[in-house]
$ cat entry-v9.cif   # mmCIF, N, CA and C atoms
data_final
loop_
_atom_site.group_PDB
_atom_site.id
_atom_site.type_symbol
_atom_site.label_atom_id
_atom_site.label_comp_id
_atom_site.auth_asym_id
_atom_site.auth_seq_id
_atom_site.Cartn_x
_atom_site.Cartn_y
_atom_site.Cartn_z
ATOM 1 N N MET A 4 3.105 -8.257 3.672
ATOM 2 C CA MET A 4 2.070 -9.268 3.601
ATOM 3 C C MET A 4 2.734 -10.636 3.670
ATOM 4 N N ARG A 5 2.239 -11.506 4.530
ATOM 5 C CA ARG A 5 2.893 -12.787 4.761
ATOM 6 C C ARG A 5 2.268 -13.950 4.011
ATOM 7 N N TYR A 6 1.053 -13.788 3.491
ATOM 8 C CA TYR A 6 0.359 -14.909 2.870
ATOM 9 C C TYR A 6 -0.055 -14.566 1.450
ATOM 10 N N ARG A 7 0.007 -15.571 0.619
ATOM 11 C CA ARG A 7 -0.411 -15.432 -0.767
ATOM 12 C C ARG A 7 -1.564 -16.390 -0.999
ATOM 13 N N PRO A 8 -2.694 -15.921 -1.529
ATOM 14 C CA PRO A 8 -3.824 -16.830 -1.759
ATOM 15 C C PRO A 8 -3.558 -17.762 -2.935
ATOM 16 N N GLU A 9 -4.063 -18.963 -2.813
ATOM 17 C CA GLU A 9 -4.057 -19.915 -3.922
ATOM 18 C C GLU A 9 -5.498 -20.270 -4.202
ATOM 19 N N TYR A 10 -5.841 -20.405 -5.458
ATOM 20 C CA TYR A 10 -7.217 -20.618 -5.855
ATOM 21 C C TYR A 10 -7.398 -21.994 -6.491
ATOM 22 N N ASP A 11 -8.556 -22.584 -6.261
ATOM 23 C CA ASP A 11 -8.891 -23.899 -6.795
ATOM 24 C C ASP A 11 -9.483 -23.722 -8.193
ATOM 25 N N MET A 12 -8.768 -24.200 -9.206
ATOM 26 C CA MET A 12 -9.188 -24.028 -10.590
ATOM 27 C C MET A 12 -10.536 -24.700 -10.858
ATOM 28 N N LYS A 13 -10.788 -25.830 -10.203
ATOM 29 C CA LYS A 13 -12.069 -26.544 -10.385
ATOM 30 C C LYS A 13 -13.227 -25.718 -9.829
ATOM 31 N N VAL A 14 -13.036 -25.116 -8.666
ATOM 32 C CA VAL A 14 -14.081 -24.279 -8.063
ATOM 33 C C VAL A 14 -14.362 -23.081 -8.968
ATOM 34 N N ILE A 15 -13.323 -22.467 -9.478
ATOM 35 C CA ILE A 15 -13.503 -21.326 -10.379
ATOM 36 C C ILE A 15 -14.284 -21.762 -11.617
ATOM 37 N N GLY A 16 -13.941 -22.904 -12.167
ATOM 38 C CA GLY A 16 -14.653 -23.418 -13.333
ATOM 39 C C GLY A 16 -16.124 -23.675 -13.040
ATOM 40 N N GLN A 17 -16.403 -24.302 -11.898
ATOM 41 C CA GLN A 17 -17.799 -24.562 -11.517
ATOM 42 C C GLN A 17 -18.567 -23.261 -11.350
ATOM 43 N N ASN A 18 -17.937 -22.267 -10.741
ATOM 44 C CA ASN A 18 -18.601 -20.978 -10.545
ATOM 45 C C ASN A 18 -18.838 -20.256 -11.864
ATOM 46 N N LEU A 19 -17.875 -20.321 -12.781
ATOM 47 C CA LEU A 19 -18.073 -19.696 -14.085
ATOM 48 C C LEU A 19 -19.251 -20.339 -14.812
ATOM 49 N N LYS A 20 -19.340 -21.654 -14.730
ATOM 50 C CA LYS A 20 -20.464 -22.348 -15.379
ATOM 51 C C LYS A 20 -21.785 -21.975 -14.703
ATOM 52 N N ARG A 21 -21.799 -21.975 -13.384
ATOM 53 C CA ARG A 21 -23.014 -21.627 -12.637
ATOM 54 C C ARG A 21 -23.469 -20.212 -12.976
ATOM 55 N N LEU A 22 -22.523 -19.275 -13.018
ATOM 56 C CA LEU A 22 -22.864 -17.887 -13.326
ATOM 57 C C LEU A 22 -23.386 -17.753 -14.758
ATOM 58 N N ARG A 23 -22.771 -18.456 -15.701
ATOM 59 C CA ARG A 23 -23.233 -18.418 -17.095
ATOM 60 C C ARG A 23 -24.658 -18.941 -17.190
ATOM 61 N N GLU A 24 -24.897 -20.098 -16.551
ATOM 62 C CA GLU A 24 -26.227 -20.701 -16.607
ATOM 63 C C GLU A 24 -27.268 -19.829 -15.905
ATOM 64 N N SER A 25 -26.878 -19.146 -14.831
ATOM 65 C CA SER A 25 -27.830 -18.282 -14.120
ATOM 66 C C SER A 25 -28.251 -17.091 -14.976
ATOM 67 N N LYS A 26 -27.425 -16.726 -15.951
ATOM 68 C CA LYS A 26 -27.761 -15.643 -16.890
ATOM 69 C C LYS A 26 -28.415 -16.188 -18.162
ATOM 70 N N ASN A 27 -28.647 -17.506 -18.196
ATOM 71 C CA ASN A 27 -29.252 -18.167 -19.366
ATOM 72 C C ASN A 27 -28.475 -17.880 -20.647
ATOM 73 N N LEU A 28 -27.162 -17.944 -20.539
ATOM 74 C CA LEU A 28 -26.296 -17.727 -21.690
ATOM 75 C C LEU A 28 -25.739 -19.061 -22.175
ATOM 76 N N SER A 29 -25.626 -19.202 -23.472
ATOM 77 C CA SER A 29 -24.988 -20.392 -24.024
ATOM 78 C C SER A 29 -23.474 -20.177 -24.050
ATOM 79 N N VAL A 30 -22.753 -21.262 -24.194
ATOM 80 C CA VAL A 30 -21.294 -21.167 -24.308
ATOM 81 C C VAL A 30 -20.938 -20.352 -25.545
ATOM 82 N N ASP A 31 -21.700 -20.529 -26.610
ATOM 83 C CA ASP A 31 -21.416 -19.778 -27.832
ATOM 84 C C ASP A 31 -21.655 -18.282 -27.647
ATOM 85 N N GLU A 32 -22.658 -17.895 -26.870
ATOM 86 C CA GLU A 32 -22.886 -16.480 -26.600
ATOM 87 C C GLU A 32 -21.719 -15.882 -25.812
ATOM 88 N N VAL A 33 -21.185 -16.648 -24.864
ATOM 89 C CA VAL A 33 -20.024 -16.187 -24.100
ATOM 90 C C VAL A 33 -18.818 -16.070 -25.025
ATOM 91 N N ARG A 34 -18.623 -17.067 -25.881
ATOM 92 C CA ARG A 34 -17.529 -17.025 -26.855
ATOM 93 C C ARG A 34 -17.613 -15.774 -27.707
ATOM 94 N N GLU A 35 -18.809 -15.471 -28.177
ATOM 95 C CA GLU A 35 -19.001 -14.294 -29.025
ATOM 96 C C GLU A 35 -18.704 -13.015 -28.249
ATOM 97 N N TYR A 36 -19.192 -12.913 -27.023
ATOM 98 C CA TYR A 36 -18.953 -11.740 -26.185
ATOM 99 C C TYR A 36 -17.455 -11.525 -25.958
ATOM 100 N N LEU A 37 -16.727 -12.623 -25.739
ATOM 101 C CA LEU A 37 -15.285 -12.540 -25.476
ATOM 102 C C LEU A 37 -14.460 -12.408 -26.751
ATOM 103 N N CYS A 38 -15.131 -12.469 -27.924
ATOM 104 C CA CYS A 38 -14.450 -12.374 -29.227
ATOM 105 C C CYS A 38 -13.434 -13.502 -29.408
ATOM 106 N N LEU A 39 -13.839 -14.711 -29.038
ATOM 107 C CA LEU A 39 -12.985 -15.881 -29.199
ATOM 108 C C LEU A 39 -13.342 -16.596 -30.489
ATOM 109 N N GLY A 40 -12.387 -17.291 -31.065
ATOM 110 C CA GLY A 40 -12.607 -18.002 -32.317
ATOM 111 C C GLY A 40 -13.423 -19.273 -32.166
ATOM 112 N N SER A 41 -13.323 -19.915 -30.998
ATOM 113 C CA SER A 41 -14.079 -21.146 -30.766
ATOM 114 C C SER A 41 -14.510 -21.203 -29.307
ATOM 115 N N VAL A 42 -15.376 -22.166 -29.011
ATOM 116 C CA VAL A 42 -15.898 -22.312 -27.650
ATOM 117 C C VAL A 42 -14.948 -23.087 -26.749
ATOM 118 N N GLN A 43 -13.886 -23.626 -27.289
ATOM 119 C CA GLN A 43 -12.994 -24.484 -26.508
ATOM 120 C C GLN A 43 -12.415 -23.794 -25.279
ATOM 121 N N ALA A 44 -12.057 -22.528 -25.397
ATOM 122 C CA ALA A 44 -11.501 -21.812 -24.243
ATOM 123 C C ALA A 44 -12.534 -21.693 -23.131
ATOM 124 N N VAL A 45 -13.785 -21.403 -23.493
ATOM 125 C CA VAL A 45 -14.845 -21.289 -22.492
ATOM 126 C C VAL A 45 -15.029 -22.630 -21.779
ATOM 127 N N TYR A 46 -15.040 -23.718 -22.539
ATOM 128 C CA TYR A 46 -15.156 -25.044 -21.927
ATOM 129 C C TYR A 46 -13.970 -25.341 -21.006
ATOM 130 N N LYS A 47 -12.765 -24.950 -21.402
ATOM 131 C CA LYS A 47 -11.580 -25.163 -20.557
ATOM 132 C C LYS A 47 -11.710 -24.420 -19.235
ATOM 133 N N TYR A 48 -12.191 -23.171 -19.291
ATOM 134 C CA TYR A 48 -12.386 -22.400 -18.065
ATOM 135 C C TYR A 48 -13.395 -23.103 -17.164
ATOM 136 N N GLU A 49 -14.517 -23.524 -17.747
ATOM 137 C CA GLU A 49 -15.604 -24.105 -16.958
ATOM 138 C C GLU A 49 -15.276 -25.500 -16.432
ATOM 139 N N LYS A 50 -14.375 -26.197 -17.081
ATOM 140 C CA LYS A 50 -13.959 -27.526 -16.602
ATOM 141 C C LYS A 50 -12.786 -27.436 -15.633
ATOM 142 N N GLY A 51 -12.302 -26.236 -15.392
ATOM 143 C CA GLY A 51 -11.197 -26.051 -14.469
ATOM 144 C C GLY A 51 -9.871 -26.521 -15.016
ATOM 145 N N LYS A 52 -9.707 -26.437 -16.339
ATOM 146 C CA LYS A 52 -8.463 -26.868 -16.961
ATOM 147 C C LYS A 52 -7.517 -25.706 -17.217
ATOM 148 N N SER A 53 -8.045 -24.491 -17.194
ATOM 149 C CA SER A 53 -7.197 -23.302 -17.335
ATOM 150 C C SER A 53 -7.924 -22.094 -16.757
ATOM 151 N N TYR A 54 -7.136 -21.084 -16.416
ATOM 152 C CA TYR A 54 -7.684 -19.821 -15.940
ATOM 153 C C TYR A 54 -7.861 -18.878 -17.125
ATOM 154 N N PRO A 55 -8.895 -18.041 -17.077
ATOM 155 C CA PRO A 55 -8.969 -16.982 -18.085
ATOM 156 C C PRO A 55 -7.854 -15.961 -17.845
ATOM 157 N N GLN A 56 -7.385 -15.320 -18.897
ATOM 158 C CA GLN A 56 -6.444 -14.223 -18.738
ATOM 159 C C GLN A 56 -7.139 -13.112 -17.973
ATOM 160 N N ALA A 57 -6.379 -12.198 -17.410
ATOM 161 C CA ALA A 57 -6.940 -11.145 -16.567
ATOM 162 C C ALA A 57 -8.017 -10.334 -17.297
ATOM 163 N N ASP A 58 -7.747 -9.909 -18.529
ATOM 164 C CA ASP A 58 -8.742 -9.100 -19.242
ATOM 165 C C ASP A 58 -10.000 -9.911 -19.544
ATOM 166 N N THR A 59 -9.840 -11.205 -19.781
ATOM 167 C CA THR A 59 -10.986 -12.077 -20.010
ATOM 168 C C THR A 59 -11.775 -12.265 -18.722
ATOM 169 N N MET A 60 -11.080 -12.397 -17.599
ATOM 170 C CA MET A 60 -11.760 -12.532 -16.314
ATOM 171 C C MET A 60 -12.570 -11.275 -16.012
ATOM 172 N N PHE A 61 -11.996 -10.111 -16.271
ATOM 173 C CA PHE A 61 -12.731 -8.861 -16.049
ATOM 174 C C PHE A 61 -13.980 -8.807 -16.936
ATOM 175 N N ALA A 62 -13.833 -9.228 -18.182
ATOM 176 C CA ALA A 62 -14.978 -9.233 -19.105
ATOM 177 C C ALA A 62 -16.060 -10.195 -18.616
ATOM 178 N N LEU A 63 -15.660 -11.367 -18.109
ATOM 179 C CA LEU A 63 -16.631 -12.321 -17.568
ATOM 180 C C LEU A 63 -17.327 -11.766 -16.336
ATOM 181 N N MET A 64 -16.587 -11.069 -15.494
ATOM 182 C CA MET A 64 -17.183 -10.448 -14.313
ATOM 183 C C MET A 64 -18.240 -9.428 -14.732
ATOM 184 N N GLU A 65 -17.957 -8.659 -15.756
ATOM 185 C CA GLU A 65 -18.930 -7.687 -16.271
ATOM 186 C C GLU A 65 -20.150 -8.405 -16.852
ATOM 187 N N LEU A 66 -19.907 -9.398 -17.686
ATOM 188 C CA LEU A 66 -20.997 -10.128 -18.338
ATOM 189 C C LEU A 66 -21.905 -10.799 -17.318
ATOM 190 N N TYR A 67 -21.318 -11.418 -16.311
ATOM 191 C CA TYR A 67 -22.085 -12.151 -15.312
ATOM 192 C C TYR A 67 -22.533 -11.285 -14.137
ATOM 193 N N GLU A 68 -22.124 -10.006 -14.151
ATOM 194 C CA GLU A 68 -22.427 -9.097 -13.049
ATOM 195 C C GLU A 68 -22.000 -9.714 -11.722
ATOM 196 N N ALA A 69 -20.767 -10.189 -11.698
ATOM 197 C CA ALA A 69 -20.206 -10.894 -10.543
ATOM 198 C C ALA A 69 -18.941 -10.205 -10.084
ATOM 199 N N ASP A 70 -18.611 -10.402 -8.811
ATOM 200 C CA ASP A 70 -17.325 -9.907 -8.347
ATOM 201 C C ASP A 70 -16.355 -11.085 -8.243
ATOM 202 N N LEU A 71 -15.134 -10.784 -7.912
ATOM 203 C CA LEU A 71 -14.099 -11.813 -7.887
ATOM 204 C C LEU A 71 -14.423 -12.933 -6.906
ATOM 205 N N HIS A 72 -15.020 -12.590 -5.762
ATOM 206 C CA HIS A 72 -15.368 -13.617 -4.777
ATOM 207 C C HIS A 72 -16.450 -14.558 -5.290
ATOM 208 N N ASP A 73 -17.361 -14.050 -6.135
ATOM 209 C CA ASP A 73 -18.383 -14.912 -6.725
ATOM 210 C C ASP A 73 -17.747 -15.989 -7.596
ATOM 211 N N ILE A 74 -16.590 -15.687 -8.136
ATOM 212 C CA ILE A 74 -15.919 -16.610 -9.040
ATOM 213 C C ILE A 74 -14.922 -17.502 -8.304
ATOM 214 N N THR A 75 -14.259 -16.988 -7.287
ATOM 215 C CA THR A 75 -13.174 -17.741 -6.656
ATOM 216 C C THR A 75 -13.566 -18.534 -5.426
ATOM 217 N N ARG A 76 -14.726 -18.280 -4.843
ATOM 218 C CA ARG A 76 -15.105 -18.945 -3.596
ATOM 219 C C ARG A 76 -15.940 -20.184 -3.839
ATOM 220 N N ASN A 77 -15.873 -21.093 -2.877
ATOM 221 C CA ASN A 77 -16.634 -22.330 -2.924
ATOM 222 C C ASN A 77 -17.958 -22.116 -2.192
ATOM 223 N N PHE A 78 -19.070 -22.192 -2.924
ATOM 224 C CA PHE A 78 -20.395 -21.993 -2.340
ATOM 225 C C PHE A 78 -21.144 -23.313 -2.370
ATOM 226 N N GLU A 79 -21.307 -23.954 -1.208
ATOM 227 C CA GLU A 79 -22.004 -25.235 -1.145
ATOM 228 C C GLU A 79 -22.937 -25.281 0.048
ATOM 229 N N GLU A 80 -24.125 -25.826 -0.140
ATOM 230 C CA GLU A 80 -25.091 -26.096 0.913
ATOM 231 C C GLU A 80 -25.278 -24.947 1.894
ATOM 232 N N GLY A 81 -25.534 -23.766 1.379
ATOM 233 C CA GLY A 81 -25.804 -22.628 2.235
ATOM 234 C C GLY A 81 -24.581 -21.997 2.864
ATOM 235 N N GLU A 82 -23.483 -22.728 2.934
ATOM 236 C CA GLU A 82 -22.242 -22.171 3.467
ATOM 237 C C GLU A 82 -21.507 -21.465 2.349
ATOM 238 N N GLN A 83 -20.639 -20.563 2.735
ATOM 239 C CA GLN A 83 -19.838 -19.865 1.755
ATOM 240 C C GLN A 83 -18.366 -19.901 2.148
ATOM 241 N N PRO A 84 -17.818 -21.117 2.303
ATOM 242 C CA PRO A 84 -16.400 -21.171 2.652
ATOM 243 C C PRO A 84 -15.540 -20.743 1.467
ATOM 244 N N SER A 85 -14.454 -20.113 1.756
ATOM 245 C CA SER A 85 -13.558 -19.659 0.709
ATOM 246 C C SER A 85 -12.770 -20.825 0.132
ATOM 247 N N SER A 86 -12.580 -20.795 -1.188
ATOM 248 C CA SER A 86 -11.702 -21.776 -1.819
ATOM 249 C C SER A 86 -10.261 -21.288 -1.782
ATOM 250 N N VAL A 87 -10.078 -20.119 -1.198
ATOM 251 C CA VAL A 87 -8.740 -19.541 -1.120
ATOM 252 C C VAL A 87 -7.982 -20.188 0.023
ATOM 253 N N VAL A 88 -6.802 -20.657 -0.270
ATOM 254 C CA VAL A 88 -5.937 -21.238 0.741
ATOM 255 C C VAL A 88 -4.744 -20.315 0.880
ATOM 256 N N PHE A 89 -4.486 -19.884 2.095
ATOM 257 C CA PHE A 89 -3.347 -19.012 2.308
ATOM 258 C C PHE A 89 -2.156 -19.847 2.752
ATOM 259 N N ARG A 90 -1.038 -19.616 2.117
ATOM 260 C CA ARG A 90 0.186 -20.325 2.452
ATOM 261 C C ARG A 90 1.231 -19.324 2.871
ATOM 262 N N ASP A 91 2.089 -19.760 3.782
ATOM 263 C CA ASP A 91 3.182 -18.893 4.195
ATOM 264 C C ASP A 91 4.020 -18.536 2.989
ATOM 265 N N PHE A 92 4.339 -17.283 2.914
ATOM 266 C CA PHE A 92 5.213 -16.796 1.849
ATOM 267 C C PHE A 92 6.505 -16.357 2.510
ATOM 268 N N ALA A 93 7.527 -17.102 2.264
ATOM 269 C CA ALA A 93 8.822 -16.770 2.850
ATOM 270 C C ALA A 93 9.794 -16.447 1.708
ATOM 271 N N TYR A 94 10.582 -15.488 1.938
ATOM 272 C CA TYR A 94 11.599 -15.152 0.945
ATOM 273 C C TYR A 94 12.880 -14.807 1.685
ATOM 274 N N SER A 95 13.947 -14.891 0.970
ATOM 275 C CA SER A 95 15.216 -14.526 1.606
ATOM 276 C C SER A 95 15.874 -13.446 0.761
ATOM 277 N N LYS A 96 16.530 -12.563 1.425
ATOM 278 C CA LYS A 96 17.277 -11.520 0.725
ATOM 279 C C LYS A 96 18.611 -12.099 0.291
ATOM 280 N N ALA A 97 18.993 -11.711 -0.893
ATOM 281 C CA ALA A 97 20.331 -12.115 -1.352
ATOM 282 C C ALA A 97 21.356 -11.284 -0.583
ATOM 283 N N ALA A 98 22.357 -11.946 -0.092
ATOM 284 C CA ALA A 98 23.371 -11.242 0.701
ATOM 285 C C ALA A 98 24.350 -10.527 -0.188
#

$ encode --input "entry-v9.cif" --output "structure tokens"
Amino acid sequence: MRYRPEYDMKVIGQNLKRLRESKNLSVDEVREYLCLGSVQAVYKYEKGKSYPQADTMFALMELYEADLHDITRNFEEGEQPSSVVFRDFAYSKAA
């Protein structure tokens, strides 16, 4: 495989917020579902300041009934362009 996807943290945050609101869930309800001590982590995810850990992302996908593309892609004005940017991945073998 020659390309590695890179994801836009802001787009992911916007999508997490949109998905939460579409389910009429409060931030505190999400916090409770994820068994978090405070709502700060949920706000960080939604503001695009950090990514959820893998197990948390899976739990959010279940809660929101969403797949990974629903969370990682940029959906604007009827278009569904990907927020994924592929960059050349080059490596060298140690001699």

$ axis_aligned_box --input "entry-v9.cif" --around "region 53-72 of chain A" --padding-each-side "6 Å" --output "lines of an AutoDock Vina configuration file"
center_x = -14.5
center_y = -16.1
center_z = -12.4
size_x = 28.2
size_y = 28.8
size_z = 27.2

$ resolve_selection --input "entry-v9.cif" --expression "the PyMOL selection byres ((chain A and resi 19) around 8)" --output "PDB file with N, CA and C atoms, in the frame of the given file"
ATOM      1  N   LYS A  13     -10.788 -25.830 -10.203  1.00  0.00           N
ATOM      2  CA  LYS A  13     -12.069 -26.544 -10.385  1.00  0.00           C
ATOM      3  C   LYS A  13     -13.227 -25.718  -9.829  1.00  0.00           C
ATOM      4  N   VAL A  14     -13.036 -25.116  -8.666  1.00  0.00           N
ATOM      5  CA  VAL A  14     -14.081 -24.279  -8.063  1.00  0.00           C
ATOM      6  C   VAL A  14     -14.362 -23.081  -8.968  1.00  0.00           C
ATOM      7  N   ILE A  15     -13.323 -22.467  -9.478  1.00  0.00           N
ATOM      8  CA  ILE A  15     -13.503 -21.326 -10.379  1.00  0.00           C
ATOM      9  C   ILE A  15     -14.284 -21.762 -11.617  1.00  0.00           C
ATOM     10  N   GLY A  16     -13.941 -22.904 -12.167  1.00  0.00           N
ATOM     11  CA  GLY A  16     -14.653 -23.418 -13.333  1.00  0.00           C
ATOM     12  C   GLY A  16     -16.124 -23.675 -13.040  1.00  0.00           C
ATOM     13  N   GLN A  17     -16.403 -24.302 -11.898  1.00  0.00           N
ATOM     14  CA  GLN A  17     -17.799 -24.562 -11.517  1.00  0.00           C
ATOM     15  C   GLN A  17     -18.567 -23.261 -11.350  1.00  0.00           C
ATOM     16  N   ASN A  18     -17.937 -22.267 -10.741  1.00  0.00           N
ATOM     17  CA  ASN A  18     -18.601 -20.978 -10.545  1.00  0.00           C
ATOM     18  C   ASN A  18     -18.838 -20.256 -11.864  1.00  0.00           C
ATOM     19  N   LYS A  20     -19.340 -21.654 -14.730  1.00  0.00           N
ATOM     20  CA  LYS A  20     -20.464 -22.348 -15.379  1.00  0.00           C
ATOM     21  C   LYS A  20     -21.785 -21.975 -14.703  1.00  0.00           C
ATOM     22  N   ARG A  21     -21.799 -21.975 -13.384  1.00  0.00           N
ATOM     23  CA  ARG A  21     -23.014 -21.627 -12.637  1.00  0.00           C
ATOM     24  C   ARG A  21     -23.469 -20.212 -12.976  1.00  0.00           C
ATOM     25  N   LEU A  22     -22.523 -19.275 -13.018  1.00  0.00           N
ATOM     26  CA  LEU A  22     -22.864 -17.887 -13.326  1.00  0.00           C
ATOM     27  C   LEU A  22     -23.386 -17.753 -14.758  1.00  0.00           C
ATOM     28  N   ARG A  23     -22.771 -18.456 -15.701  1.00  0.00           N
ATOM     29  CA  ARG A  23     -23.233 -18.418 -17.095  1.00  0.00           C
ATOM     30  C   ARG A  23     -24.658 -18.941 -17.190  1.00  0.00           C
ATOM     31  N   GLU A  24     -24.897 -20.098 -16.551  1.00  0.00           N
ATOM     32  CA  GLU A  24     -26.227 -20.701 -16.607  1.00  0.00           C
ATOM     33  C   GLU A  24     -27.268 -19.829 -15.905  1.00  0.00           C
ATOM     34  N   SER A  25     -26.878 -19.146 -14.831  1.00  0.00           N
ATOM     35  CA  SER A  25     -27.830 -18.282 -14.120  1.00  0.00           C
ATOM     36  C   SER A  25     -28.251 -17.091 -14.976  1.00  0.00           C
ATOM     37  N   TYR A  48     -12.191 -23.171 -19.291  1.00  0.00           N
ATOM     38  CA  TYR A  48     -12.386 -22.400 -18.065  1.00  0.00           C
ATOM     39  C   TYR A  48     -13.395 -23.103 -17.164  1.00  0.00           C
ATOM     40  N   GLU A  49     -14.517 -23.524 -17.747  1.00  0.00           N
ATOM     41  CA  GLU A  49     -15.604 -24.105 -16.958  1.00  0.00           C
ATOM     42  C   GLU A  49     -15.276 -25.500 -16.432  1.00  0.00           C
ATOM     43  N   LYS A  50     -14.375 -26.197 -17.081  1.00  0.00           N
ATOM     44  CA  LYS A  50     -13.959 -27.526 -16.602  1.00  0.00           C
ATOM     45  C   LYS A  50     -12.786 -27.436 -15.633  1.00  0.00           C
ATOM     46  N   ASP A  73     -17.361 -14.050  -6.135  1.00  0.00           N
ATOM     47  CA  ASP A  73     -18.383 -14.912  -6.725  1.00  0.00           C
ATOM     48  C   ASP A  73     -17.747 -15.989  -7.596  1.00  0.00           C
ATOM     49  N   ILE A  74     -16.590 -15.687  -8.136  1.00  0.00           N
ATOM     50  CA  ILE A  74     -15.919 -16.610  -9.040  1.00  0.00           C
ATOM     51  C   ILE A  74     -14.922 -17.502  -8.304  1.00  0.00           C
ATOM     52  N   THR A  75     -14.259 -16.988  -7.287  1.00  0.00           N
ATOM     53  CA  THR A  75     -13.174 -17.741  -6.656  1.00  0.00           C
ATOM     54  C   THR A  75     -13.566 -18.534  -5.426  1.00  0.00           C
TER      55      THR A  75
END

$ atom_distance --input "entry-v9.cif" --atom1 "atom N of Gly51 (chain A)" --atom2 "atom N of Asp11 (chain A)"
10.5 Å

$ atom_distance --input "entry-v9.cif" --atom1 "CA of Ser41 (chain A)" --atom2 "CA of Glu9 (chain A)"
28.7 Å

$ residues_around --input "entry-v9.cif" --residues "Gln43 (chain A)" --least-positions-apart "2" --cutoff "12 Å" --atoms "only C-alpha atoms" --output "PyMOL selection string"
chain A and resi 30-31+33-34+39-41+45-50+52-53+55

$ write_last_selection --input "entry-v9.cif" --atoms "N, CA and C atoms" --output "tab-separated table (two decimals), in the frame of the given file"
chain	number	residue	atom	x	y	z
A	30	VAL	N	-22.75	-21.26	-24.19
A	30	VAL	CA	-21.29	-21.17	-24.31
A	30	VAL	C	-20.94	-20.35	-25.54
A	31	ASP	N	-21.70	-20.53	-26.61
A	31	ASP	CA	-21.42	-19.78	-27.83
A	31	ASP	C	-21.66	-18.28	-27.65
A	33	VAL	N	-21.18	-16.65	-24.86
A	33	VAL	CA	-20.02	-16.19	-24.10
A	33	VAL	C	-18.82	-16.07	-25.02
A	34	ARG	N	-18.62	-17.07	-25.88
A	34	ARG	CA	-17.53	-17.02	-26.86
A	34	ARG	C	-17.61	-15.77	-27.71
A	39	LEU	N	-13.84	-14.71	-29.04
A	39	LEU	CA	-12.98	-15.88	-29.20
A	39	LEU	C	-13.34	-16.60	-30.49
A	40	GLY	N	-12.39	-17.29	-31.06
A	40	GLY	CA	-12.61	-18.00	-32.32
A	40	GLY	C	-13.42	-19.27	-32.17
A	41	SER	N	-13.32	-19.92	-31.00
A	41	SER	CA	-14.08	-21.15	-30.77
A	41	SER	C	-14.51	-21.20	-29.31
A	45	VAL	N	-13.78	-21.40	-23.49
A	45	VAL	CA	-14.84	-21.29	-22.49
A	45	VAL	C	-15.03	-22.63	-21.78
A	46	TYR	N	-15.04	-23.72	-22.54
A	46	TYR	CA	-15.16	-25.04	-21.93
A	46	TYR	C	-13.97	-25.34	-21.01
A	47	LYS	N	-12.76	-24.95	-21.40
A	47	LYS	CA	-11.58	-25.16	-20.56
A	47	LYS	C	-11.71	-24.42	-19.24
A	48	TYR	N	-12.19	-23.17	-19.29
A	48	TYR	CA	-12.39	-22.40	-18.07
A	48	TYR	C	-13.40	-23.10	-17.16
A	49	GLU	N	-14.52	-23.52	-17.75
A	49	GLU	CA	-15.60	-24.10	-16.96
A	49	GLU	C	-15.28	-25.50	-16.43
A	50	LYS	N	-14.38	-26.20	-17.08
A	50	LYS	CA	-13.96	-27.53	-16.60
A	50	LYS	C	-12.79	-27.44	-15.63
A	52	LYS	N	-9.71	-26.44	-16.34
A	52	LYS	CA	-8.46	-26.87	-16.96
A	52	LYS	C	-7.52	-25.71	-17.22
A	53	SER	N	-8.04	-24.49	-17.19
A	53	SER	CA	-7.20	-23.30	-17.34
A	53	SER	C	-7.92	-22.09	-16.76
A	55	PRO	N	-8.90	-18.04	-17.08
A	55	PRO	CA	-8.97	-16.98	-18.08
A	55	PRO	C	-7.85	-15.96	-17.84

$ residues_around --input "entry-v9.cif" --residues "Tyr67 (chain A)" --least-positions-apart "2" --cutoff "7 Å" --atoms "all atoms listed in the file" --output "PDB file with N, CA and C atoms, keeping the file's coordinate frame"
ATOM      1  N   LEU A  22     -22.523 -19.275 -13.018  1.00  0.00           N
ATOM      2  CA  LEU A  22     -22.864 -17.887 -13.326  1.00  0.00           C
ATOM      3  C   LEU A  22     -23.386 -17.753 -14.758  1.00  0.00           C
ATOM      4  N   ARG A  23     -22.771 -18.456 -15.701  1.00  0.00           N
ATOM      5  CA  ARG A  23     -23.233 -18.418 -17.095  1.00  0.00           C
ATOM      6  C   ARG A  23     -24.658 -18.941 -17.190  1.00  0.00           C
ATOM      7  N   LYS A  26     -27.425 -16.726 -15.951  1.00  0.00           N
ATOM      8  CA  LYS A  26     -27.761 -15.643 -16.890  1.00  0.00           C
ATOM      9  C   LYS A  26     -28.415 -16.188 -18.162  1.00  0.00           C
ATOM     10  N   ALA A  62     -13.833  -9.228 -18.182  1.00  0.00           N
ATOM     11  CA  ALA A  62     -14.978  -9.233 -19.105  1.00  0.00           C
ATOM     12  C   ALA A  62     -16.060 -10.195 -18.616  1.00  0.00           C
ATOM     13  N   LEU A  63     -15.660 -11.367 -18.109  1.00  0.00           N
ATOM     14  CA  LEU A  63     -16.631 -12.321 -17.568  1.00  0.00           C
ATOM     15  C   LEU A  63     -17.327 -11.766 -16.336  1.00  0.00           C
ATOM     16  N   MET A  64     -16.587 -11.069 -15.494  1.00  0.00           N
ATOM     17  CA  MET A  64     -17.183 -10.448 -14.313  1.00  0.00           C
ATOM     18  C   MET A  64     -18.240  -9.428 -14.732  1.00  0.00           C
ATOM     19  N   GLU A  65     -17.957  -8.659 -15.756  1.00  0.00           N
ATOM     20  CA  GLU A  65     -18.930  -7.687 -16.271  1.00  0.00           C
ATOM     21  C   GLU A  65     -20.150  -8.405 -16.852  1.00  0.00           C
ATOM     22  N   ALA A  69     -20.767 -10.189 -11.698  1.00  0.00           N
ATOM     23  CA  ALA A  69     -20.206 -10.894 -10.543  1.00  0.00           C
ATOM     24  C   ALA A  69     -18.941 -10.205 -10.084  1.00  0.00           C
ATOM     25  N   ASP A  70     -18.611 -10.402  -8.811  1.00  0.00           N
ATOM     26  CA  ASP A  70     -17.325  -9.907  -8.347  1.00  0.00           C
ATOM     27  C   ASP A  70     -16.355 -11.085  -8.243  1.00  0.00           C
TER      28      ASP A  70
END

$ atom_distance --input "entry-v9.cif" --atom1 "CA of Arg7 (chain A)" --atom2 "CA of Ala44 (chain A)"
26.7 Å
